[in-house]
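Here is the file work.txt (compact mmCIF, C-alpha atoms and all ligand atoms).
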# COMPACT_ATOMS: atom_id res chain seq x y z
CA MET I 290 -29.39 41.32 -2.32
CA LYS I 291 -27.72 41.48 1.06
CA LYS I 292 -28.86 37.94 1.77
CA ALA I 293 -27.27 36.69 -1.46
CA ALA I 294 -23.92 38.24 -0.48
CA PHE I 295 -24.08 36.59 2.92
CA THR I 296 -24.74 33.22 1.28
CA LEU I 297 -21.74 33.62 -1.03
CA ALA I 298 -19.52 34.51 1.95
CA SER I 299 -20.75 31.39 3.76
CA ILE I 300 -19.87 29.25 0.77
CA LEU I 301 -16.39 30.77 0.57
CA THR I 302 -15.82 30.26 4.30
CA ALA I 303 -17.01 26.67 4.05
CA GLY I 304 -14.66 26.11 1.12
CA LEU I 305 -11.68 27.49 3.05
CA ALA I 306 -12.52 25.38 6.10
CA PHE I 307 -12.66 22.28 3.91
CA ALA I 308 -9.32 23.13 2.27
CA SER I 309 -7.57 23.58 5.62
CA ASP I 310 -8.80 20.14 6.75
CA ALA I 311 -7.57 18.38 3.62
CA ASN I 312 -4.36 17.15 5.27
CA ARG I 313 -6.15 15.27 8.05
CA PHE I 314 -6.74 11.55 7.71
CA VAL I 315 -8.56 9.42 10.24
CA LEU I 316 -8.14 5.64 10.35
CA GLN I 317 -11.51 4.12 9.46
CA GLU I 318 -10.70 0.46 9.28
CA ARG I 319 -7.91 -2.05 9.56
CA ALA I 320 -7.95 -5.59 8.21
CA GLU I 321 -5.31 -8.29 8.68
CA THR I 322 -3.85 -9.65 5.45
CA GLY I 323 -2.74 -12.95 6.95
CA LEU I 324 0.53 -12.74 4.99
CA GLY I 325 3.28 -14.19 7.17
CA TYR I 326 6.29 -12.99 5.18
CA PRO I 327 7.49 -9.46 4.29
CA TYR I 328 6.05 -9.64 0.78
CA ASP I 329 5.69 -6.60 -1.43
CA VAL I 330 2.04 -5.53 -1.64
CA SER I 331 -0.07 -3.31 -3.88
CA VAL I 332 -3.67 -2.15 -3.42
CA ALA I 333 -6.45 -0.80 -5.61
CA SER I 334 -10.18 -0.18 -5.25
CA ALA I 335 -13.19 -0.37 -7.56
CA ASP I 336 -16.76 -1.63 -7.38
CA LEU I 337 -16.02 -5.13 -8.64
CA ASP I 338 -19.54 -6.55 -8.30
CA ASN I 339 -21.42 -3.37 -9.27
CA ASP I 340 -23.41 -3.25 -6.02
CA GLY I 341 -22.58 0.40 -5.32
CA ASP I 342 -19.89 -0.30 -2.69
CA LEU I 343 -16.19 0.01 -3.49
CA ASP I 344 -14.23 -3.19 -2.98
CA LEU I 345 -10.50 -3.57 -2.29
CA ILE I 346 -7.88 -5.70 -3.97
CA LEU I 347 -4.57 -6.58 -2.32
CA ALA I 348 -1.88 -8.10 -4.52
CA SER I 349 1.29 -9.80 -3.26
CA PRO I 350 3.63 -12.45 -4.74
CA PRO I 351 1.41 -15.29 -3.40
CA GLY I 352 -1.61 -13.91 -5.23
CA VAL I 353 -4.58 -11.57 -5.14
CA GLN I 354 -6.89 -11.13 -2.15
CA LEU I 355 -10.35 -9.59 -2.31
CA TYR I 356 -11.99 -7.45 0.37
CA LYS I 357 -15.64 -6.90 -0.41
CA GLY I 358 -17.05 -3.53 0.58
CA THR I 359 -20.20 -3.66 2.70
CA ASN I 360 -22.24 -1.19 4.72
CA SER I 361 -20.22 -2.14 7.81
CA GLY I 362 -16.73 -2.21 6.29
CA TYR I 363 -14.59 -4.57 4.22
CA SER I 364 -14.99 -8.31 4.39
CA ASN I 365 -11.97 -10.50 3.53
CA GLN I 366 -13.04 -12.94 0.82
CA GLY I 367 -9.63 -14.65 0.63
CA PHE I 368 -7.55 -15.31 -2.47
CA ILE I 369 -9.25 -14.97 -5.85
CA PHE I 370 -6.00 -15.91 -7.58
CA SER I 371 -2.82 -17.68 -6.45
CA THR I 372 0.51 -17.36 -8.22
CA SER I 373 2.33 -20.64 -8.03
CA GLY I 374 6.08 -20.30 -8.29
CA GLU I 375 6.34 -16.52 -8.07
CA ASN I 376 9.54 -15.47 -6.36
CA PRO I 377 8.50 -14.49 -2.81
CA ASP I 378 10.75 -11.42 -3.03
CA ALA I 379 9.26 -10.24 -6.33
CA ARG I 380 7.64 -6.80 -6.60
CA VAL I 381 3.99 -6.50 -7.57
CA ALA I 382 1.63 -3.80 -8.77
CA VAL I 383 -2.11 -4.02 -9.31
CA ALA I 384 -4.68 -1.93 -11.19
CA LEU I 385 -8.42 -2.30 -11.69
CA ALA I 386 -9.86 -1.44 -15.09
CA ASP I 387 -12.51 -2.74 -17.47
CA MET I 388 -10.16 -4.31 -20.01
CA ASP I 389 -12.83 -5.83 -22.27
CA ASN I 390 -15.52 -3.14 -21.92
CA ASP I 391 -18.14 -5.53 -20.56
CA GLY I 392 -19.10 -3.19 -17.70
CA ARG I 393 -17.11 -5.10 -15.06
CA GLU I 394 -13.79 -3.90 -13.64
CA ASP I 395 -11.02 -6.46 -14.17
CA VAL I 396 -7.83 -7.08 -12.19
CA VAL I 397 -4.53 -6.33 -13.89
CA LEU I 398 -1.53 -7.71 -12.04
CA ALA I 399 2.09 -6.82 -12.78
CA SER I 400 5.26 -8.53 -11.57
CA PRO I 401 8.79 -8.86 -13.00
CA SER I 402 7.42 -11.77 -15.09
CA GLY I 403 4.98 -9.49 -16.91
CA VAL I 404 1.35 -8.37 -16.76
CA ARG I 405 -1.51 -10.75 -16.13
CA TRP I 406 -5.23 -10.18 -16.72
CA LEU I 407 -7.79 -11.63 -14.33
CA ARG I 408 -11.13 -11.23 -16.08
CA ASN I 409 -14.11 -10.33 -13.89
CA LYS I 410 -16.87 -12.83 -14.76
CA GLY I 411 -19.37 -11.26 -12.33
CA ALA I 412 -20.53 -12.36 -8.86
CA MET I 413 -16.94 -11.94 -7.61
CA ARG I 414 -15.60 -14.70 -9.81
CA PHE I 415 -12.41 -14.11 -11.77
CA GLU I 416 -10.83 -16.01 -14.62
CA ASP I 417 -7.06 -16.03 -15.14
CA LYS I 418 -6.50 -15.04 -18.78
CA GLY I 419 -2.74 -15.47 -18.38
CA PHE I 420 -0.02 -13.03 -19.33
CA VAL I 421 -1.10 -10.27 -21.70
CA ILE I 422 2.45 -8.90 -21.56
CA ASN I 423 5.27 -11.36 -21.14
CA ALA I 424 8.31 -9.55 -19.78
CA GLY I 425 10.11 -12.61 -18.44
CA ASN I 426 12.44 -10.78 -16.07
CA THR I 427 14.11 -13.47 -14.03
CA TYR I 428 15.95 -10.98 -11.85
CA LEU I 429 14.26 -8.91 -9.16
CA VAL I 430 13.25 -5.43 -10.22
CA GLY I 431 10.87 -2.71 -9.11
CA VAL I 432 7.53 -2.80 -10.90
CA GLY I 433 5.05 -0.05 -11.78
CA LEU I 434 1.69 -0.31 -13.55
CA GLU I 435 -0.92 2.06 -14.96
CA VAL I 436 -3.97 1.14 -17.04
CA LYS I 437 -5.61 3.85 -19.12
CA ASP I 438 -6.93 4.45 -22.62
CA LEU I 439 -3.82 6.29 -23.78
CA ASN I 440 -4.68 6.64 -27.48
CA ARG I 441 -8.40 7.28 -26.86
CA ASP I 442 -9.67 4.43 -29.05
CA GLY I 443 -12.01 3.07 -26.36
CA ARG I 444 -9.71 0.21 -25.34
CA LYS I 445 -7.62 0.22 -22.16
CA ASP I 446 -3.86 0.31 -22.63
CA ILE I 447 -1.03 -0.58 -20.27
CA ILE I 448 1.99 1.27 -18.99
CA TYR I 449 4.44 -1.20 -17.50
CA ALA I 450 7.60 -0.07 -15.76
CA VAL I 451 10.48 -1.97 -14.30
CA THR I 452 13.57 -0.47 -12.73
CA ASP I 453 15.48 0.20 -15.96
CA ARG I 454 12.67 1.01 -18.41
CA ILE I 455 9.09 2.09 -18.96
CA GLU I 456 6.98 0.48 -21.71
CA VAL I 457 3.67 1.56 -23.23
CA TYR I 458 1.39 -1.07 -24.77
CA TYR I 459 -1.73 -0.27 -26.79
CA GLN I 460 -4.53 -2.84 -26.75
CA GLU I 461 -5.41 -4.09 -30.24
CA CA I 501 -18.92 -3.75 -4.59
CA CA I 502 -14.32 -6.31 -17.83
CA CA I 503 -6.46 2.46 -26.21
Render the structure in this file as structure tokens.
Amino acid sequence: MKKAAFTLASILTAGLAFASDANRFVLQERAETGLGYPYDVSVASADLDNDGDLDLILASPPGVQLYKGTNSGYSNQGFIFSTSGENPDARVAVALADMDNDGREDVVLASPSGVRWLRNKGAMRFEDKGFVINAGNTYLVGVGLEVKDLNRDGRKDIIYAVTDRIEVYYQE
């Protein structure tokens, strides 16, 4: 009985120690983006090739770059999508979600122009499905994006925000 109490105390102490360390962050890795202009950027992570390692996506007005997660860090795979004609000063936001429920996380990219879906075809290949939301803002605005099943019907929905409004879209 005494031993059980000691064990519980140890667990509590361990929990407190963990909580007090929660504000410490240690740089693990740093990768150059190669972007030579002060573009806006947005990042997200998911296991895009279902190999058990989280991968990173970096979005900017020129396009979307992929960093594949490996045992020894993240490996820059270059651009998986290039946006021709995007205003270099445009804002961007990116989210990773399985939009078509095929078991592969897709890339959802937002800019003032709207929201684009890059379908994950597997083996780190992505297909541009074009704009799923056409906002057509020609002026520069801040952009926010969230992808979630908001109405719990099993299909991912989109929250798209620009400076003066927030819009909720359900997937049909
Ligand atoms: Ca992976
Ligand atoms: Ca998918
Ligand atoms: Ca839904």
When you look at Val421 in chain I with a cut-off of 8 Å (counting only C-alpha atoms), what residues show up, excluding the ones that are within fewer than 5 positions of it in the same chain? I need them as a list in words.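 My list of contacting residues is Gly403, Val404, Arg405 and Trp406 of chain I.
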Write the residues of the selection above to a file with C-alpha atoms, as a CSV table (one decimal), in the coordinates of the input.
chain,number,residue,atom,x,y,z
I,403,GLY,CA,5.0,-9.5,-16.9
I,404,VAL,CA,1.4,-8.4,-16.8
I,405,ARG,CA,-1.5,-10.8,-16.1
I,406,TRP,CA,-5.2,-10.2,-16.7
Distance filter 10 Å around ligand CA 501 (chain I), atoms: all atoms listed in the file, out as a PyMOL selection string: chain I and resi 334-345+356-359+363+412-413
Residue subset to file, keeping C-alpha atoms, as an mmCIF file, keeping the file's coordinate frame:
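Once everything was written out, this is part_5.cif:
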data_model
loop_
_atom_site.group_PDB
_atom_site.id
_atom_site.type_symbol
_atom_site.label_atom_id
_atom_site.label_comp_id
_atom_site.auth_asym_id
_atom_site.auth_seq_id
_atom_site.Cartn_x
_atom_site.Cartn_y
_atom_site.Cartn_z
ATOM 1 C CA SER I 334 -10.180 -0.180 -5.250
ATOM 2 C CA ALA I 335 -13.190 -0.370 -7.560
ATOM 3 C CA ASP I 336 -16.760 -1.630 -7.380
ATOM 4 C CA LEU I 337 -16.020 -5.130 -8.640
ATOM 5 C CA ASP I 338 -19.540 -6.550 -8.300
ATOM 6 C CA ASN I 339 -21.420 -3.370 -9.270
ATOM 7 C CA ASP I 340 -23.410 -3.250 -6.020
ATOM 8 C CA GLY I 341 -22.580 0.400 -5.320
ATOM 9 C CA ASP I 342 -19.890 -0.300 -2.690
ATOM 10 C CA LEU I 343 -16.190 0.010 -3.490
ATOM 11 C CA ASP I 344 -14.230 -3.190 -2.980
ATOM 12 C CA LEU I 345 -10.500 -3.570 -2.290
ATOM 13 C CA TYR I 356 -11.990 -7.450 0.370
ATOM 14 C CA LYS I 357 -15.640 -6.900 -0.410
ATOM 15 C CA GLY I 358 -17.050 -3.530 0.580
ATOM 16 C CA THR I 359 -20.200 -3.660 2.700
ATOM 17 C CA TYR I 363 -14.590 -4.570 4.220
ATOM 18 C CA ALA I 412 -20.530 -12.360 -8.860
ATOM 19 C CA MET I 413 -16.940 -11.940 -7.610
#
Taking into account only C-alpha atoms, which residue in the set I:Asp389, I:Asp395, I:Glu416, I:Asp329 is nearest to Phe370 in chain I? I:Glu416
CA of Arg393 in chain I and CA of Arg444 in chain I, how far apart in Å?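 Taking CA of Arg444 in chain I and CA of Arg393 in chain I, their separation equals 13.7 Å.
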Quick one: everything within 12 Å of Val436 in chain I, counting all atoms listed in the file, minus sequence neighbours fewer than 4 positions away in the same chain. Send it as a list in words.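 These residues fall inside the cut-off: Ala333, Ala382, Val383, Ala384, Leu385, Ala386, Asp387, Met388, Glu394, Asp395, Val396, Val397, Leu398, Ala399, Val404, Trp406, Asn440, Arg444, Lys445, Asp446, Ile447, Ile448, Tyr449, Ala450, Glu456, Val457, Tyr458, Tyr459 and Gln460 of chain I.
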Considering all atoms listed in the file, return as a VMD selection string whatever protein or nucleic-acid residues lie within 9 Å of Thr427 in chain I, sequence-local ones (same chain, fewer than 3 positions apart) excluded. chain I and resid 401 to 402 430
With all atoms listed in the file as the counted atoms, please give the residues lying no more than 10 Å from Val330 in chain I, apart from itself and same-chain residues fewer than 4 positions off, as number ranges by chain. I: 324, 347-353, 379-383
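Shortest atom-to-atom contact with ligand CA 503 (chain I) among I:Asn365, I:Asn390, I:Thr322, I:Thr372: I:Asn390, counting only C-alpha atoms and all ligand atoms.
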Residue with smallest distance to ligand CA 502 (chain I) - pool I:Tyr328, I:Ala320, I:Pro377, I:Gly411, counting all atoms listed in the file: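 Using all atoms listed in the file, ligand CA 502 (chain I) sits closest to I:Gly411.
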Gap from CA of Phe420 in chain I to CA of Gly443 in chain I - Å, one decimal: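 For CA of Phe420 in chain I relative to CA of Gly443 in chain I, the distance reads 21.3 Å.
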For Gly392 in chain I, which residue among I:Lys410, I:Asp378, I:Ile455, I:Gln366 is the nearest when counting all atoms listed in the file?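 The answer is I:Lys410, which sits nearest to Gly392 in chain I.
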Atom pair CA of Gly325 in chain I / CA of Arg408 in chain I: separation (Å): 27.5 Å
Between I:Asp417, I:Asp391, I:Glu461, I:Glu435, which is the closest to ligand CA 502 (chain I) once you count all atoms listed in the file?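 Among the listed residues, I:Asp391 lies closest to ligand CA 502 (chain I).
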Of the candidates I:Ala424, I:Gln317, I:Arg441, I:Gly323, which shows the shortest atom-to-atom distance to ligand CA 503 (chain I), using all atoms listed in the file?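 Under the stated criterion, the closest residue is I:Arg441.
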Step by step, gather every atom of range 374-390 of chain I that the file lists, find the box along x, y and z that holds them, add 6 Å on each side, and finally give centre and edge lengths in Å to one decimal, as JSON.
{"center_x": -2.4, "center_y": -10.9, "center_z": -12.5, "size_x": 38.3, "size_y": 30.9, "size_z": 31.5}
Assuming the input is short of atoms at range 334-346 of chain I, produce N, CA and C atoms for that part as a PDB file, in the frame of the given file.
ATOM      1  N   SER I 334      -8.764  -0.041  -5.581  1.00  0.00           N
ATOM      2  CA  SER I 334     -10.180  -0.180  -5.250  1.00  0.00           C
ATOM      3  C   SER I 334     -11.046   0.132  -6.456  1.00  0.00           C
ATOM      4  N   ALA I 335     -12.161  -0.581  -6.530  1.00  0.00           N
ATOM      5  CA  ALA I 335     -13.190  -0.370  -7.560  1.00  0.00           C
ATOM      6  C   ALA I 335     -14.413  -1.153  -7.105  1.00  0.00           C
ATOM      7  N   ASP I 336     -15.547  -0.854  -7.681  1.00  0.00           N
ATOM      8  CA  ASP I 336     -16.760  -1.630  -7.380  1.00  0.00           C
ATOM      9  C   ASP I 336     -16.779  -2.840  -8.291  1.00  0.00           C
ATOM     10  N   LEU I 337     -16.241  -3.960  -7.801  1.00  0.00           N
ATOM     11  CA  LEU I 337     -16.020  -5.130  -8.640  1.00  0.00           C
ATOM     12  C   LEU I 337     -17.298  -5.912  -8.941  1.00  0.00           C
ATOM     13  N   ASP I 338     -18.296  -5.814  -8.056  1.00  0.00           N
ATOM     14  CA  ASP I 338     -19.540  -6.550  -8.300  1.00  0.00           C
ATOM     15  C   ASP I 338     -20.719  -5.612  -8.585  1.00  0.00           C
ATOM     16  N   ASN I 339     -20.396  -4.348  -8.864  1.00  0.00           N
ATOM     17  CA  ASN I 339     -21.420  -3.370  -9.270  1.00  0.00           C
ATOM     18  C   ASN I 339     -22.608  -3.314  -8.317  1.00  0.00           C
ATOM     19  N   ASP I 340     -22.320  -3.368  -6.995  1.00  0.00           N
ATOM     20  CA  ASP I 340     -23.410  -3.250  -6.020  1.00  0.00           C
ATOM     21  C   ASP I 340     -23.434  -1.867  -5.363  1.00  0.00           C
ATOM     22  N   GLY I 341     -22.587  -0.950  -5.845  1.00  0.00           N
ATOM     23  CA  GLY I 341     -22.580   0.400  -5.320  1.00  0.00           C
ATOM     24  C   GLY I 341     -21.549   0.642  -4.232  1.00  0.00           C
ATOM     25  N   ASP I 342     -20.932  -0.437  -3.710  1.00  0.00           N
ATOM     26  CA  ASP I 342     -19.890  -0.300  -2.690  1.00  0.00           C
ATOM     27  C   ASP I 342     -18.522  -0.599  -3.307  1.00  0.00           C
ATOM     28  N   LEU I 343     -17.541   0.257  -3.013  1.00  0.00           N
ATOM     29  CA  LEU I 343     -16.190   0.010  -3.490  1.00  0.00           C
ATOM     30  C   LEU I 343     -15.591  -1.194  -2.779  1.00  0.00           C
ATOM     31  N   ASP I 344     -14.898  -2.016  -3.519  1.00  0.00           N
ATOM     32  CA  ASP I 344     -14.230  -3.190  -2.980  1.00  0.00           C
ATOM     33  C   ASP I 344     -12.719  -2.957  -3.064  1.00  0.00           C
ATOM     34  N   LEU I 345     -11.951  -3.734  -2.304  1.00  0.00           N
ATOM     35  CA  LEU I 345     -10.500  -3.570  -2.290  1.00  0.00           C
ATOM     36  C   LEU I 345      -9.820  -4.828  -2.809  1.00  0.00           C
ATOM     37  N   ILE I 346      -8.725  -4.596  -3.505  1.00  0.00           N
ATOM     38  CA  ILE I 346      -7.880  -5.700  -3.970  1.00  0.00           C
ATOM     39  C   ILE I 346      -6.496  -5.504  -3.380  1.00  0.00           C
TER      40      ILE I 346
END
